[in-house]
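Structure, as structure tokens:
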Amino acid sequence: MNASSSDAKTIFGRAIEIEEAAARAAYLDQACGSNDQLRAEIDGLIRAHFKIGDFLKGPAHDAATCLNDADSGEEGMVIGPYKLLEQIGEGGFGIVFVAEQHAPVRRRVALKIIKPGMDSRQVLARFEVERQALALMDHPNIARALDAGVTNSGRPYFVMELIRGVPITDYCDEANLAVHERLALFVSVCRAVQHAHQKGIIHRDIKPSNILVTLLDGRPVPKVIDFGVAKAINQPLTQETLFTRLAEMIGTPLYMSPEQAEMTSLDIDTRSDIYSLGVLLYELLTGSTPFDKNRLKRAAFDEIRRIIREEEPAKPSLRISTLGEKRTVVAAHRHADPNRLSQLLRGDLDWIVMKALEKERSHRYETANGLAMDVERHLADEPVLACPPSAAYRFAKFARRNRVAFTTSIVVLAAILLCTVVSVTQAIRATRAERQADARFQEAEEARDAEAAQRQIADQERQQAEENLKRARQAVDQYFTRVSQSKLFNAPTLQPLRKELLEDAVRYYQTLLTERGDNPALLADLAVADLRLAEIYHEVDRNDDAIDALASGLELVERLHTKYPNAKDELRRVAGFWKANRTPKA
């Protein structure tokens, strides 16, 4: 697409009104689009314009002054007590040199001088703002201002401590710093920005190239530099009138806050730097910015502003999973495998970063110190403020923070629980055994009661049987006595009958003795029966049988006397019978 010369003039006229190089480049990206020829033409015009500057408007200088002024920004030149050695940086309106100071001390410093042709009122005012901002601050992580002056041609310069370092992201990747080491450096950066805010200075261009890491006694120390677009809060840093045009975008698009993308500084506060710190932290963790730099480079000016103001970036843990082949390299630079890196970022770090990147600034951290403290809480395994805390989350943090004590407590608790389980199990078993024993005891008691009842019944039945037997024996004994003593049987013809009846009685006693075993009463009864039978045998002249019956009776008496010596009634009865009756003779 070809542009007319009037279009080129219009674009050129608007571009030279934009003081900031980054904002000017963004405008040209939008205005020129893909027309590389038009872009090259306008870039040439702009370089020529700023080289000439306001030469015709300024006061006339003599030839020596002009010669000195022409050389005052070259290597090897001397400006006051400083000799320029080499150029190390260039911004929108200034050039930075390594310089050697000769007096009053000899040292290497960094000297920043305004570019030739950039001495417009607006640029001079910004240069003065940066110089005064550095003069206000005194922090180990901010480059210190050492001196200031003006060249013979009236070009201002100021001198800073020389920072021999590299951008913080480059240093972290070259040193392969782990996530926690990167966070420790980031906390130092937050403290430096907090110091600037306390001094009433908003940096407005926080990015890796403006945070250099140098080594001090082998320890990495980040230094915040380049306060060229800084803004003062409630205090003037220069007597010159300084304002930002409504159509001027201050800062670097990749790192600027949504309110900066509105292209007005009327409502910029310290929370704009909080957003930029969030972008920096995002890049330290993932190796990429929240919005892809190539996409922003291709996008038109208004599209860049829309993306910054409206689109929500992916969480850091999710961004890791979208890096493709680069994912392995990014993880290696952070001493972690890709999956492990995503796990490290998930949770606390996701919440911290996304809180810093809130579109609505009232939802961001109130201060850089608040952001730093939340990062430190994460490093100390304490609950962070960037998320709604839950009891489970706080407990997990407490466990990680007190890992040794918690592990010991878990072991002790496990032992207590184990002992409790064993004790409860044993108690349950003991209770069950006790219940079973009680049941068996109850059953045994019931069995004993039943047995006692049966014994009682048996005893009653036995007593009844004994009583019946006693009556039967008494009846037999009475029968036996009558048969043996009755005179009716004295007739010779009745003697055989009496003997037979007596023998039946003897057999009855013998049967009782056999069935019931020895007992004193039976033995006594049987002994008396044998003695009576002996008497009967004697009377019927059966003396052999009488002797046998007598011997049997005497044997029973002996058994009774030997086995039951205390059976006095039975022995007395047998003895009484013996005395009362005549003893048969052989």
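Residues are named by chain letter and number: chains run A, B, ... in the order of the structure tokens, numbers start at 1 in each chain, and ligands are numbered from 1 in the order shown.
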
Skipping near chain neighbours, those fewer than 2 positions away, what residues fall within 9 Å of A:Ile352 using only C-alpha atoms, listed as a PyMOL selection string?
chain A and resi 278+347-350+354-357+371+374-375+384-387

Could you please take those selected residues and save C-alpha atoms as a compact mmCIF listing (two decimals), in the first residue's frame?
```txt
# COMPACT_ATOMS: atom_id res chain seq x y z
CA GLY A 278 3.20 -8.44 38.37
CA GLY A 347 -1.85 -22.21 43.95
CA ASP A 348 -0.02 -19.43 45.82
CA LEU A 349 2.06 -18.06 42.94
CA ASP A 350 -0.90 -18.12 40.54
CA MET A 354 -3.06 -12.64 39.12
CA LYS A 355 -3.83 -10.31 42.04
CA ALA A 356 -1.00 -8.00 40.93
CA LEU A 357 -2.34 -8.12 37.33
CA LEU A 371 3.20 -7.76 47.18
CA ASP A 374 2.83 -12.10 50.17
CA VAL A 375 5.76 -13.56 48.22
CA VAL A 384 -0.91 -15.74 51.47
CA LEU A 385 -3.45 -12.94 51.29
CA ALA A 386 -3.98 -13.27 47.54
CA CYS A 387 -6.61 -15.98 47.92
```

Quick one: residues within 8 Å of stretch 287-300 of chain A, only C-alpha atoms counted, chain neighbours fewer than 5 positions away excluded, as a list in words?
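Near stretch 287-300 of chain A, the qualifying residues are Asp29, Gln30, Gly33, Leu254, Val279, Leu280, Tyr282, Pro313, Ala314 and Val330 of chain A.
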
Kindly give the distance, in Å, that separates atom CA of A:Val96 and atom CA of A:Lys112, rounded to a single decimal.
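Between atom CA of A:Val96 and atom CA of A:Lys112 the gap works out to 4.3 Å.
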
Run DSSP on the backbone and grab whatever in stretch 186-405 of chain A lands in alpha helix (DSSP H); send it over as an NGL selection string.
:A and (186-198 or 271-286 or 293-298 or 301-310 or 316-321 or 326-333 or 338-345 or 348-356 or 368-379 or 391-401 or 403-405)
